[in-house]
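Novice: Pasting entry11.txt below, which is compact mmCIF, C-alpha atoms.
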# COMPACT_ATOMS: atom_id res chain seq x y z
CA MET X 1 -44.52 -45.94 8.92
CA SER X 2 -45.75 -43.04 11.04
CA PHE X 3 -49.06 -41.32 10.40
CA VAL X 4 -47.41 -38.07 9.24
CA ALA X 5 -45.07 -39.82 6.78
CA PHE X 6 -47.91 -41.99 5.45
CA VAL X 7 -50.24 -39.06 4.69
CA SER X 8 -47.38 -37.00 3.21
CA GLY X 9 -46.50 -39.89 0.92
CA ARG X 10 -50.13 -40.22 -0.19
CA TYR X 11 -50.30 -36.51 -1.02
CA LEU X 12 -47.08 -36.79 -3.04
CA ARG X 13 -48.06 -39.93 -4.96
CA THR X 14 -51.72 -39.24 -5.79
CA ARG X 15 -52.78 -36.96 -8.58
CA GLN X 16 -54.41 -33.76 -7.48
CA LYS X 17 -57.80 -32.89 -8.93
CA ARG X 18 -56.31 -29.67 -10.22
CA ALA X 19 -53.39 -30.28 -12.54
CA PHE X 20 -52.28 -26.69 -11.97
CA ILE X 21 -50.95 -27.63 -8.51
CA SER X 22 -48.88 -30.44 -10.03
CA LEU X 23 -47.52 -28.04 -12.63
CA ILE X 24 -46.45 -25.56 -9.94
CA SER X 25 -44.73 -28.38 -8.00
CA ALA X 26 -42.84 -29.42 -11.13
CA LEU X 27 -41.84 -25.82 -11.82
CA SER X 28 -40.69 -25.53 -8.20
CA ILE X 29 -38.42 -28.55 -8.59
CA ALA X 30 -37.08 -27.13 -11.87
CA GLY X 31 -36.48 -23.73 -10.28
CA VAL X 32 -34.54 -25.18 -7.34
CA THR X 33 -32.57 -27.38 -9.76
CA VAL X 34 -31.56 -24.46 -11.97
CA GLY X 35 -30.70 -22.25 -8.98
CA VAL X 36 -28.51 -24.84 -7.25
CA MET X 37 -26.80 -25.82 -10.52
CA ALA X 38 -26.06 -22.17 -11.39
CA LEU X 39 -24.72 -21.50 -7.90
CA ILE X 40 -22.38 -24.50 -7.99
CA VAL X 41 -21.01 -23.67 -11.45
CA VAL X 42 -20.53 -19.95 -10.82
CA ILE X 43 -18.92 -20.40 -7.40
CA ALA X 44 -16.61 -23.12 -8.81
CA VAL X 45 -15.54 -20.88 -11.71
CA MET X 46 -14.92 -17.89 -9.43
CA ALA X 47 -12.94 -20.10 -7.03
CA GLY X 48 -10.94 -21.27 -10.05
CA PHE X 49 -10.19 -17.70 -11.08
CA GLU X 50 -9.07 -16.87 -7.54
CA SER X 51 -6.86 -19.96 -7.28
CA ASP X 52 -5.29 -19.38 -10.71
CA LEU X 53 -4.69 -15.71 -9.93
CA LYS X 54 -3.09 -16.58 -6.60
CA THR X 55 -0.81 -19.11 -8.31
CA ARG X 56 0.34 -16.57 -10.89
CA ILE X 57 0.91 -13.83 -8.32
CA MET X 58 2.81 -16.15 -6.00
CA GLY X 59 4.94 -17.18 -8.97
CA VAL X 60 6.34 -13.63 -9.04
CA ARG X 61 5.85 -12.17 -5.60
CA PRO X 62 7.19 -13.65 -2.35
CA HIS X 63 5.05 -14.98 0.47
CA ILE X 64 6.52 -12.60 3.06
CA VAL X 65 8.54 -9.38 2.75
CA ILE X 66 10.66 -7.87 5.54
CA THR X 67 11.67 -4.19 5.33
CA ARG X 68 13.36 -1.76 7.71
CA LYS X 69 11.07 0.88 9.21
CA ASN X 70 13.06 4.08 9.69
CA HIS X 71 16.62 3.37 8.54
CA SER X 72 18.38 1.84 5.57
CA PHE X 73 18.53 -1.95 5.64
CA ASN X 74 22.23 -2.38 6.42
CA ALA X 75 23.81 -5.47 7.95
CA TYR X 76 21.01 -7.53 6.45
CA ARG X 77 23.02 -10.75 6.57
CA THR X 78 22.40 -11.16 10.31
CA VAL X 79 18.66 -10.78 9.79
CA LEU X 80 18.86 -13.18 6.86
CA GLN X 81 20.42 -15.89 9.03
CA THR X 82 17.71 -15.42 11.66
CA VAL X 83 14.98 -15.69 9.05
CA GLN X 84 16.44 -18.80 7.45
CA ALA X 85 16.52 -20.51 10.86
CA THR X 86 12.81 -19.82 11.47
CA ALA X 87 10.40 -22.75 11.31
CA GLY X 88 8.28 -22.86 8.18
CA VAL X 89 10.68 -20.81 6.03
CA LYS X 90 11.71 -22.56 2.82
CA SER X 91 14.11 -19.91 1.51
CA ALA X 92 14.93 -16.25 2.06
CA GLU X 93 16.91 -13.84 -0.12
CA PRO X 94 17.69 -10.09 -0.08
CA PHE X 95 16.40 -7.83 -2.83
CA ILE X 96 16.49 -4.23 -4.03
CA THR X 97 13.57 -2.54 -5.74
CA THR X 98 13.22 0.91 -7.30
CA GLN X 99 11.74 2.67 -10.29
CA VAL X 100 13.91 3.35 -13.34
CA VAL X 101 13.66 4.38 -16.97
CA LEU X 102 14.79 2.02 -19.70
CA ARG X 103 15.87 3.61 -22.97
CA THR X 104 16.82 2.21 -26.34
CA THR X 105 17.81 4.06 -29.49
CA ASN X 106 14.32 5.33 -30.22
CA ARG X 107 12.10 4.18 -27.34
CA ALA X 108 11.82 4.61 -23.57
CA ALA X 109 9.63 3.07 -20.87
CA GLY X 110 9.33 3.17 -17.11
CA ALA X 111 10.00 -0.02 -15.21
CA VAL X 112 10.14 -1.46 -11.72
CA LEU X 113 13.69 -2.67 -11.18
CA ARG X 114 14.38 -5.58 -8.87
CA GLY X 115 17.89 -6.55 -7.90
CA VAL X 116 17.99 -10.23 -6.96
CA ASP X 117 20.61 -12.81 -6.13
CA ALA X 118 21.39 -14.42 -9.46
CA ASN X 119 22.00 -17.80 -7.82
CA HIS X 120 18.68 -18.07 -5.96
CA ALA X 121 16.11 -15.89 -7.73
CA ARG X 122 14.80 -18.81 -9.77
CA GLU X 123 13.16 -20.05 -6.58
CA PHE X 124 11.06 -16.87 -6.50
CA ILE X 125 10.25 -16.09 -10.12
CA LYS X 126 8.44 -18.75 -12.08
CA GLY X 127 9.86 -19.08 -15.59
CA LEU X 128 12.86 -16.83 -14.81
CA ASN X 129 16.26 -18.22 -15.81
CA SER X 130 18.12 -16.07 -13.30
CA GLY X 131 21.42 -17.86 -13.86
CA ARG X 132 21.92 -15.77 -16.98
CA LEU X 133 22.34 -12.65 -14.81
CA ALA X 134 25.64 -14.02 -13.50
CA GLU X 135 27.06 -14.69 -16.95
CA GLN X 136 29.70 -12.45 -18.53
CA ASN X 137 28.15 -10.72 -21.54
CA THR X 138 30.54 -9.20 -24.05
CA VAL X 139 29.78 -6.69 -26.81
CA LYS X 140 31.85 -4.50 -29.12
CA ASP X 141 31.59 -0.75 -28.70
CA ASP X 142 31.80 1.82 -31.50
CA ASN X 143 35.61 1.65 -31.44
CA GLY X 144 35.64 -2.12 -31.82
CA LYS X 145 36.74 -2.78 -28.23
CA ILE X 146 35.30 -5.68 -26.24
CA ARG X 147 33.24 -4.57 -23.26
CA HIS X 148 31.65 -6.61 -20.49
CA LEU X 149 28.03 -5.62 -19.86
CA PRO X 150 25.83 -6.66 -16.94
CA GLY X 151 22.75 -8.65 -17.89
CA ILE X 152 19.09 -7.70 -17.48
CA ILE X 153 15.95 -9.82 -17.72
CA LEU X 154 12.78 -8.14 -18.95
CA GLY X 155 9.12 -9.04 -18.91
CA LYS X 156 7.82 -10.07 -22.29
CA GLU X 157 5.44 -7.10 -22.63
CA LEU X 158 8.07 -4.62 -21.42
CA ALA X 159 10.53 -5.93 -24.01
CA ALA X 160 7.87 -5.60 -26.71
CA SER X 161 7.18 -1.96 -25.77
CA LEU X 162 10.91 -1.22 -25.94
CA GLY X 163 11.34 -3.18 -29.17
CA VAL X 164 14.19 -5.35 -27.87
CA VAL X 165 14.93 -9.08 -27.97
CA ARG X 166 17.59 -11.30 -26.43
CA GLY X 167 21.06 -9.97 -27.12
CA ASP X 168 20.04 -6.33 -27.58
CA THR X 169 21.43 -3.57 -25.36
CA LEU X 170 19.68 -0.74 -23.59
CA TYR X 171 20.39 2.00 -21.06
CA MET X 172 18.98 2.11 -17.56
CA ILE X 173 18.49 5.57 -16.05
CA SER X 174 18.05 5.92 -12.30
CA PRO X 175 17.26 9.13 -10.41
CA ARG X 176 19.83 8.13 -7.80
CA GLY X 177 22.81 9.66 -9.52
CA MET X 178 25.50 12.03 -8.30
CA LEU X 179 26.00 15.75 -7.73
CA SER X 180 28.23 17.65 -10.13
CA PRO X 181 29.12 21.30 -10.71
CA VAL X 182 26.21 21.48 -13.15
CA GLY X 183 23.71 19.87 -10.77
CA HIS X 184 22.31 16.42 -10.19
CA ILE X 185 23.19 13.88 -12.87
CA PRO X 186 21.08 10.70 -13.05
CA ALA X 187 22.94 7.41 -13.11
CA MET X 188 22.95 5.72 -16.54
CA VAL X 189 24.27 2.22 -17.09
CA LYS X 190 24.27 0.06 -20.20
CA PHE X 191 22.82 -3.47 -19.95
CA GLN X 192 22.40 -6.38 -22.29
CA VAL X 193 19.08 -8.24 -22.47
CA VAL X 194 19.96 -11.83 -21.57
CA ASP X 195 16.48 -13.32 -21.21
CA LEU X 196 12.73 -12.65 -21.17
CA PHE X 197 10.07 -14.04 -18.89
CA ALA X 198 6.28 -14.31 -19.07
CA SER X 199 4.27 -14.70 -15.87
CA GLY X 200 0.94 -14.55 -17.68
CA MET X 201 -0.08 -11.26 -16.00
CA TYR X 202 0.33 -7.99 -17.85
CA GLU X 203 0.94 -6.07 -14.61
CA PHE X 204 4.19 -7.98 -14.11
CA ASP X 205 5.22 -8.69 -17.69
CA GLY X 206 4.86 -5.03 -18.65
CA THR X 207 6.74 -3.43 -15.75
CA LEU X 208 9.31 -5.77 -14.15
CA ALA X 209 13.03 -5.87 -14.93
CA PHE X 210 15.62 -7.96 -13.05
CA ILE X 211 19.34 -7.46 -12.60
CA ASP X 212 21.93 -8.95 -10.28
CA LEU X 213 21.84 -7.70 -6.70
CA ALA X 214 25.47 -6.56 -6.78
CA GLU X 215 24.83 -4.50 -9.93
CA ALA X 216 21.79 -2.90 -8.32
CA GLN X 217 23.77 -1.98 -5.20
CA LYS X 218 26.52 -0.49 -7.33
CA MET X 219 24.17 1.50 -9.55
CA LEU X 220 21.98 2.82 -6.72
CA ARG X 221 24.96 3.53 -4.46
CA MET X 222 23.74 1.19 -1.74
CA PRO X 223 26.88 -0.63 -0.58
CA ASP X 224 26.03 -3.44 1.85
CA ALA X 225 22.36 -2.37 1.91
CA VAL X 226 19.15 -3.78 0.44
CA SER X 227 15.50 -2.81 0.23
CA GLY X 228 14.35 -5.88 2.11
CA ILE X 229 14.26 -9.66 2.41
CA GLU X 230 11.74 -11.79 0.55
CA ILE X 231 10.70 -15.16 1.94
CA ARG X 232 9.18 -18.33 0.55
CA LEU X 233 7.31 -20.70 2.86
CA ASN X 234 6.85 -24.46 2.83
CA ASP X 235 3.11 -23.93 3.31
CA ILE X 236 1.56 -20.73 2.00
CA ASP X 237 -1.38 -21.04 4.41
CA GLN X 238 0.99 -20.77 7.42
CA VAL X 239 1.88 -17.16 6.60
CA ASP X 240 0.23 -15.67 9.72
CA ALA X 241 1.95 -18.08 12.12
CA THR X 242 5.32 -17.48 10.44
CA ILE X 243 4.90 -13.69 10.64
CA HIS X 244 4.16 -14.03 14.34
CA ARG X 245 7.37 -16.04 14.89
CA LEU X 246 9.43 -13.57 12.87
CA THR X 247 8.00 -10.61 14.78
CA GLN X 248 8.99 -12.20 18.07
CA LYS X 249 12.55 -12.76 16.82
CA LEU X 250 13.18 -9.46 14.99
CA GLY X 251 11.24 -7.02 17.16
CA ASP X 252 9.48 -3.79 16.15
CA ALA X 253 12.30 -2.33 14.06
CA TYR X 254 11.10 -4.19 10.96
CA THR X 255 7.90 -4.25 8.95
CA ILE X 256 6.78 -7.79 8.11
CA GLU X 257 4.02 -8.21 5.51
CA GLY X 258 2.51 -11.40 4.14
CA TRP X 259 0.98 -12.03 0.74
CA LYS X 260 -2.51 -11.50 2.18
CA GLN X 261 -1.63 -7.94 3.27
CA MET X 262 0.29 -7.12 0.09
CA ASN X 263 -2.61 -8.22 -2.14
CA ARG X 264 -5.51 -7.51 0.20
CA ASN X 265 -7.31 -5.13 -2.18
CA LEU X 266 -7.36 -7.65 -5.01
CA PHE X 267 -8.42 -10.67 -2.99
CA SER X 268 -10.95 -8.65 -0.97
CA ALA X 269 -12.55 -7.54 -4.23
CA LEU X 270 -12.66 -11.14 -5.47
CA GLN X 271 -14.24 -12.33 -2.21
CA LEU X 272 -16.82 -9.52 -2.32
CA GLU X 273 -17.68 -10.38 -5.92
CA LYS X 274 -18.05 -14.05 -4.99
CA THR X 275 -20.39 -13.16 -2.11
CA VAL X 276 -22.53 -10.87 -4.26
CA MET X 277 -22.85 -13.49 -6.99
CA PHE X 278 -23.91 -16.05 -4.38
CA ILE X 279 -26.65 -13.73 -3.10
CA ILE X 280 -27.89 -12.87 -6.59
CA LEU X 281 -28.07 -16.49 -7.74
CA ALA X 282 -29.64 -17.56 -4.45
CA LEU X 283 -32.63 -15.43 -5.48
CA ILE X 284 -33.38 -18.08 -8.13
CA VAL X 285 -33.80 -20.64 -5.35
CA LEU X 286 -35.87 -18.11 -3.40
CA VAL X 287 -38.28 -17.65 -6.34
CA ALA X 288 -38.61 -21.42 -6.61
CA ALA X 289 -39.31 -21.53 -2.87
CA PHE X 290 -42.21 -19.09 -3.38
CA ASN X 291 -43.60 -21.56 -5.92
CA ILE X 292 -43.32 -24.32 -3.32
CA ALA X 293 -45.19 -22.13 -0.81
CA GLY X 294 -47.84 -21.31 -3.43
CA SER X 295 -48.46 -24.95 -4.34
CA LEU X 296 -48.74 -25.92 -0.67
CA VAL X 297 -51.18 -23.08 0.05
CA MET X 298 -53.42 -24.19 -2.82
CA MET X 299 -53.20 -27.78 -1.63
CA VAL X 300 -54.24 -26.72 1.87
CA MET X 301 -57.26 -24.93 0.38
CA GLU X 302 -58.14 -28.05 -1.65
CA LYS X 303 -57.63 -30.46 1.26
CA ARG X 304 -59.51 -28.48 3.92
CA LYS X 305 -62.16 -31.21 4.16
CA ASP X 306 -59.52 -33.94 4.44
CA ILE X 307 -57.70 -31.97 7.13
CA ALA X 308 -60.97 -31.54 9.06
CA ILE X 309 -61.67 -35.29 8.93
CA LEU X 310 -58.15 -36.07 10.13
CA LYS X 311 -58.56 -33.68 13.05
CA THR X 312 -61.90 -35.21 14.05
CA MET X 313 -60.16 -38.60 14.04
CA GLY X 314 -57.61 -37.30 16.57
CA ALA X 315 -54.80 -35.79 14.48
CA THR X 316 -53.11 -32.89 16.27
CA ALA X 317 -52.46 -29.49 14.71
CA SER X 318 -48.68 -30.08 14.82
CA ALA X 319 -49.06 -33.39 12.98
CA ILE X 320 -51.12 -31.73 10.25
CA GLY X 321 -48.48 -29.02 9.93
CA ARG X 322 -45.68 -31.56 9.63
CA ILE X 323 -47.49 -33.28 6.75
CA PHE X 324 -47.17 -30.20 4.57
CA VAL X 325 -43.64 -29.42 5.80
CA ILE X 326 -42.53 -32.88 4.70
CA LYS X 327 -44.26 -32.49 1.32
CA GLY X 328 -42.54 -29.14 0.72
CA LEU X 329 -39.16 -30.49 1.82
CA VAL X 330 -39.45 -33.49 -0.51
CA ILE X 331 -40.09 -31.12 -3.44
CA GLY X 332 -37.14 -28.97 -2.38
CA CYS X 333 -34.83 -31.96 -1.84
CA TRP X 334 -35.61 -33.31 -5.31
CA GLY X 335 -34.58 -29.97 -6.77
CA ILE X 336 -31.44 -29.80 -4.61
CA VAL X 337 -30.33 -33.33 -5.55
CA LEU X 338 -30.95 -32.78 -9.26
CA GLY X 339 -29.25 -29.36 -9.14
CA THR X 340 -26.23 -30.71 -7.27
CA VAL X 341 -25.76 -33.61 -9.68
CA SER X 342 -26.18 -31.30 -12.69
CA GLY X 343 -23.80 -28.68 -11.28
CA VAL X 344 -21.06 -31.17 -10.37
CA THR X 345 -21.39 -32.85 -13.79
CA LEU X 346 -21.19 -29.52 -15.63
CA CYS X 347 -18.13 -28.49 -13.60
CA SER X 348 -16.44 -31.78 -14.44
CA LEU X 349 -17.13 -31.23 -18.15
CA LEU X 350 -15.82 -27.64 -18.04
CA LYS X 351 -12.70 -28.81 -16.24
CA ARG X 352 -12.02 -31.67 -18.63
CA TYR X 353 -12.97 -30.11 -21.95
CA ASP X 354 -12.27 -26.60 -23.26
CA VAL X 355 -15.91 -25.84 -23.93
CA VAL X 356 -15.73 -22.09 -23.27
CA HIS X 357 -12.94 -20.08 -24.87
CA LEU X 358 -12.01 -16.61 -23.60
CA PRO X 359 -10.39 -13.93 -25.79
CA ALA X 360 -6.66 -13.83 -25.09
CA ASP X 361 -6.48 -10.06 -25.59
CA LEU X 362 -8.92 -9.43 -22.71
CA TYR X 363 -8.13 -12.19 -20.19
CA TYR X 364 -4.88 -13.67 -18.94
CA ILE X 365 -6.33 -17.16 -19.46
CA THR X 366 -8.12 -18.64 -22.47
CA THR X 367 -10.34 -21.23 -20.75
CA LEU X 368 -12.59 -21.17 -17.71
CA PRO X 369 -10.72 -22.34 -14.60
CA VAL X 370 -12.84 -24.58 -12.39
CA ASN X 371 -12.06 -25.31 -8.75
CA LEU X 372 -14.95 -27.28 -7.28
CA LYS X 373 -14.79 -27.58 -3.49
CA MET X 374 -17.04 -29.96 -1.60
CA THR X 375 -17.40 -27.39 1.18
CA ASP X 376 -18.94 -24.96 -1.35
CA VAL X 377 -21.30 -27.67 -2.61
CA LEU X 378 -22.42 -28.51 0.93
CA MET X 379 -22.90 -24.83 1.77
CA ILE X 380 -25.03 -24.24 -1.35
CA ALA X 381 -27.13 -27.34 -0.70
CA SER X 382 -27.62 -26.38 2.96
CA CYS X 383 -28.68 -22.82 2.09
CA ALA X 384 -31.13 -24.10 -0.51
CA LEU X 385 -32.58 -26.57 2.02
CA ILE X 386 -33.04 -23.80 4.60
CA ILE X 387 -34.82 -21.59 2.01
CA CYS X 388 -37.15 -24.47 1.06
CA LEU X 389 -37.84 -25.22 4.72
CA ALA X 390 -38.73 -21.58 5.37
CA ALA X 391 -41.15 -21.67 2.43
CA THR X 392 -43.18 -24.47 4.10
CA ILE X 393 -43.75 -22.66 7.40
CA TYR X 394 -46.70 -20.48 6.36
CA PRO X 395 -48.65 -23.24 4.51
CA ALA X 396 -48.04 -25.63 7.42
CA ARG X 397 -49.36 -23.10 9.95
CA GLN X 398 -52.35 -22.44 7.71
CA ALA X 399 -53.13 -26.17 7.56
CA ALA X 400 -52.66 -26.60 11.30
CA GLY X 401 -55.08 -23.73 11.96
CA VAL X 402 -57.99 -25.21 9.95
CA ASP X 403 -61.18 -25.36 12.05
CA PRO X 404 -62.74 -28.81 11.44
CA VAL X 405 -66.28 -27.60 12.21
CA GLU X 406 -66.11 -24.74 9.72
CA ALA X 407 -64.36 -26.86 7.11
CA LEU X 408 -67.01 -29.65 7.27
CA ARG X 409 -69.91 -27.18 7.36
CA HIS X 410 -68.75 -25.37 4.22
CA GLY X 411 -67.06 -28.35 2.59
Would you put the structure from the file into structure tokens?

Specialist:
Amino acid sequence: MSFVAFVSGRYLRTRQKRAFISLISALSIAGVTVGVMALIVVIAVMAGFESDLKTRIMGVRPHIVITRKNHSFNAYRTVLQTVQATAGVKSAEPFITTQVVLRTTNRAAGAVLRGVDANHAREFIKGLNSGRLAEQNTVKDDNGKIRHLPGIILGKELAASLGVVRGDTLYMISPRGMLSPVGHIPAMVKFQVVDLFASGMYEFDGTLAFIDLAEAQKMLRMPDAVSGIEIRLNDIDQVDATIHRLTQKLGDAYTIEGWKQMNRNLFSALQLEKTVMFIILALIVLVAAFNIAGSLVMMVMEKRKDIAILKTMGATASAIGRIFVIKGLVIGCWGIVLGTVSGVTLCSLLKRYDVVHLPADLYYITTLPVNLKMTDVLMIASCALIICLAATIYPARQAAGVDPVEALRHG
């Protein structure tokens, strides 16, 4: 065992004459433990929220959207074939989107209409039974005649605001109508509600309505034209590389956006919140580091005579400094290890058991989502270790600068 490690171990194992120094060391370990544990739990919960939110959004929205820049998106089938042949693309389908008004007998609500291919939309919308859009729906009119109505699928919250259920009928009003001698007449078509879907997010469930692509083209007077092409990828993390390949194939006439660009405000806000919470909770570790520095400073003042004797025996100033650095790091490492074990254990319990319940009327989930990443744990432990190391620098320099003559004269 080296001289520095031996003396550091003696200082750690022996009882100080002043119990106050031992108390501060224990509080320092407790402070680092609480700070590291809180950081691990909070970062894991926020990562869980972000992952769950991304899963829900990607269950409704595509990974990539292609739109035409300056002209209507005609002859989209050629572009569709090019996209489907691109590496990394799992599926691609055309769509139409616009804003409409849905009206029942005594209620009305605005909605975002999406025209989708009834045979393939189930690949895009989680929980959407899109095959019902292609079915022939028959109802009797006021005269008793059988009429065939196109189907519409509504979000659960939108259907509740309109007061409709499966099998009910409603009118869809679009501003894209026709000119008549009395002026512009909005287009109004009757639909039958064939199904409801629930994505788990009020933004989608309260605004989205789906109809067959052919019905949307007919109603909006867009023959052989669409709003764009939506794409699903085999790997969602390869969105940037896929956009680059599509841009090279399609040129500058099209706008290609990935899910990161389409949801950048939301995920940027989540990342900023995660960073701020990390900084705030890191202050707990910083306060504990001040306690480490304080206990080391008091120990240096108490051990001035011992330091002077060691120097007269040949110990260098750097060796004396390393003694107190090691002592401070051991205190910090104990706190980091205990905090890491406590944080990982608490995250495992939160993930396995529904300990915390969230009100369903305020949040889109009822339990805390936990997504513990080892990279986050290593980052938190490394930052805590750096803070503890920085706290030992001043006491170590103070110990290294002790004058043995003065210390022995006044000791």

Novice: Name all residues at most 10 Å from Ala47 in chain X (count all atoms listed in the file; drop same-chain ones fewer than 6 positions away) and give them as a PDB file with C-alpha atoms, keeping the file's coordinate frame.

Specialist:
ATOM      1  CA  VAL X  41     -21.010 -23.670 -11.450  1.00  0.00           C
ATOM      2  CA  LEU X  53      -4.690 -15.710  -9.930  1.00  0.00           C
ATOM      3  CA  LEU X 270     -12.660 -11.140  -5.470  1.00  0.00           C
ATOM      4  CA  GLN X 271     -14.240 -12.330  -2.210  1.00  0.00           C
ATOM      5  CA  LYS X 274     -18.050 -14.050  -4.990  1.00  0.00           C
ATOM      6  CA  PRO X 369     -10.720 -22.340 -14.600  1.00  0.00           C
ATOM      7  CA  VAL X 370     -12.840 -24.580 -12.390  1.00  0.00           C
ATOM      8  CA  ASN X 371     -12.060 -25.310  -8.750  1.00  0.00           C
ATOM      9  CA  LEU X 372     -14.950 -27.280  -7.280  1.00  0.00           C
ATOM     10  CA  LYS X 373     -14.790 -27.580  -3.490  1.00  0.00           C
ATOM     11  CA  ASP X 376     -18.940 -24.960  -1.350  1.00  0.00           C
TER      12      ASP X 376
END

Novice: Grab the CA of Gly163 in chain X to CA of Arg107 in chain X distance for me, in Å with one decimal place.

Specialist: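 A separation of 7.6 Å between them.
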
Novice: Which centre and edge lengths in Å to one decimal define the box along x, y and z that fits every listed atom of range 214-231 of chain X plus 4 Å per side, as lines of an AutoDock Vina configuration file?

Specialist:
center_x = 18.8
center_y = -5.8
center_z = -3.8
size_x = 24.2
size_y = 26.7
size_z = 20.3

Novice: Any idea what the distance is between CA of Ala214 in chain X and CA of Gly151 in chain X?

Specialist: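 CA of Gly151 in chain X lies 11.6 Å from CA of Ala214 in chain X.
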
Novice: Enter the distance from CA of Leu113 in chain X to CA of Asp237 in chain X, in Å, rounded to one decimal.

Specialist: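 We find that CA of Leu113 in chain X and CA of Asp237 in chain X lie 28.4 Å from each other.
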
Novice: Identify, on the basis of all atoms listed in the file, every residue whose closest approach to Ala399 in chain X does not exceed 7 Å; exclude the query and any residue fewer than 6 positions from it along the same chain; express the result as a list of chain:residue names.

Specialist: X:Val300, X:Ile320, X:Gly321

Novice: Which one is closest to Phe73 in chain X: X:Asn263, X:Thr255, X:Thr345, X:Thr366? Count only C-alpha atoms.

Specialist: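 Comparing X:Asn263, X:Thr255, X:Thr345, X:Thr366 against Phe73 in chain X, the winner is X:Thr255.
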
Novice: Within 8 Å of (19.1, -10.2, 3.5), only C-alpha atoms: residues as number ranges by chain?

Specialist: X: 76-80, 92-95, 226, 228-229

Novice: For Gly31 in chain X, work out the shell of residues within 12 Å, counting all atoms listed in the file and skipping chain neighbours fewer than 5 positions away, then give it as a ChimeraX atom specification.

Specialist: /X:24-26,36-38,281-292,331-336,338-339,384,388

Novice: Residues near Ala293 in chain X, anyone? I mean within 8 Å using only C-alpha atoms, not counting same-chain ones fewer than 5 positions away, as a PDB file with C-alpha atoms, in the coordinates of the input.

Specialist:
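Once everything was written out, this is out24.pdb:
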ATOM      1  CA  GLY X 328     -42.540 -29.140   0.720  1.00  0.00           C
ATOM      2  CA  ALA X 391     -41.150 -21.670   2.430  1.00  0.00           C
ATOM      3  CA  THR X 392     -43.180 -24.470   4.100  1.00  0.00           C
ATOM      4  CA  TYR X 394     -46.700 -20.480   6.360  1.00  0.00           C
ATOM      5  CA  PRO X 395     -48.650 -23.240   4.510  1.00  0.00           C
TER       6      PRO X 395
END

Novice: Here is a test: counting only C-alpha atoms, which residue of X:Asp117, X:Glu157, X:Glu406, X:Asp235 is nearest to Val89 in chain X?

Specialist: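 Smallest separation from Val89 in chain X among the options: X:Asp235.
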
Novice: Could you check which residues have any atom within 9 Å of (16.3, -11.2, 15.2), counting all atoms listed in the file with coordinates taken straight from the file, and then list them as a short mmCIF file (atom, residue, chain, number, x, y, z; two decimals) with C-alpha atoms, in the coordinates of the input?

Specialist:
data_model
loop_
_atom_site.label_atom_id
_atom_site.label_comp_id
_atom_site.auth_asym_id
_atom_site.auth_seq_id
_atom_site.Cartn_x
_atom_site.Cartn_y
_atom_site.Cartn_z
CA THR X 78 22.40 -11.16 10.31
CA VAL X 79 18.66 -10.78 9.79
CA LEU X 80 18.86 -13.18 6.86
CA GLN X 81 20.42 -15.89 9.03
CA THR X 82 17.71 -15.42 11.66
CA VAL X 83 14.98 -15.69 9.05
CA LEU X 246 9.43 -13.57 12.87
CA THR X 247 8.00 -10.61 14.78
CA GLN X 248 8.99 -12.20 18.07
CA LYS X 249 12.55 -12.76 16.82
CA LEU X 250 13.18 -9.46 14.99
CA GLY X 251 11.24 -7.02 17.16
#

Novice: Tell me which of X:Phe191, X:Phe324, X:Phe204, X:Tyr353 sits closest to Leu149 in chain X, counting only C-alpha atoms.

Specialist: X:Phe191

Novice: Under the rule that all atoms listed in the file are counted, which of X:Leu389, X:Leu368, X:Val405, X:Ser382 is the nearest residue to Gly48 in chain X?

Specialist: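 So, comparing all the options, the nearest one is X:Leu368.
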
Novice: Could you name the residues that touch range 310-319 of chain X at 12 Å or less, counting only C-alpha atoms, but leaving out those on the same chain fewer than 3 positions away, as number ranges by chain?

Specialist: X: 2-8, 303-307, 322-326, 393, 396-405, 407-408

Novice: Grab the residues selected above and save them as a tab-separated table (two decimals), in the coordinates of the input with C-alpha atoms.

Specialist:
chain	number	residue	atom	x	y	z
X	2	SER	CA	-45.75	-43.04	11.04
X	3	PHE	CA	-49.06	-41.32	10.40
X	4	VAL	CA	-47.41	-38.07	9.24
X	5	ALA	CA	-45.07	-39.82	6.78
X	6	PHE	CA	-47.91	-41.99	5.45
X	7	VAL	CA	-50.24	-39.06	4.69
X	8	SER	CA	-47.38	-37.00	3.21
X	303	LYS	CA	-57.63	-30.46	1.26
X	304	ARG	CA	-59.51	-28.48	3.92
X	305	LYS	CA	-62.16	-31.21	4.16
X	306	ASP	CA	-59.52	-33.94	4.44
X	307	ILE	CA	-57.70	-31.97	7.13
X	322	ARG	CA	-45.68	-31.56	9.63
X	323	ILE	CA	-47.49	-33.28	6.75
X	324	PHE	CA	-47.17	-30.20	4.57
X	325	VAL	CA	-43.64	-29.42	5.80
X	326	ILE	CA	-42.53	-32.88	4.70
X	393	ILE	CA	-43.75	-22.66	7.40
X	396	ALA	CA	-48.04	-25.63	7.42
X	397	ARG	CA	-49.36	-23.10	9.95
X	398	GLN	CA	-52.35	-22.44	7.71
X	399	ALA	CA	-53.13	-26.17	7.56
X	400	ALA	CA	-52.66	-26.60	11.30
X	401	GLY	CA	-55.08	-23.73	11.96
X	402	VAL	CA	-57.99	-25.21	9.95
X	403	ASP	CA	-61.18	-25.36	12.05
X	404	PRO	CA	-62.74	-28.81	11.44
X	405	VAL	CA	-66.28	-27.60	12.21
X	407	ALA	CA	-64.36	-26.86	7.11
X	408	LEU	CA	-67.01	-29.65	7.27

Novice: Go through X:Ala108, X:Ile66, X:Ala225, X:Ile243 one by one, measure the shortest atom-to-atom distance of each to Gly88 in chain X using all atoms listed in the file, and give the residue with the smallest value.

Specialist: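 Of X:Ala108, X:Ile66, X:Ala225, X:Ile243, the one nearest Gly88 in chain X, counting all atoms listed in the file, is X:Ile243.
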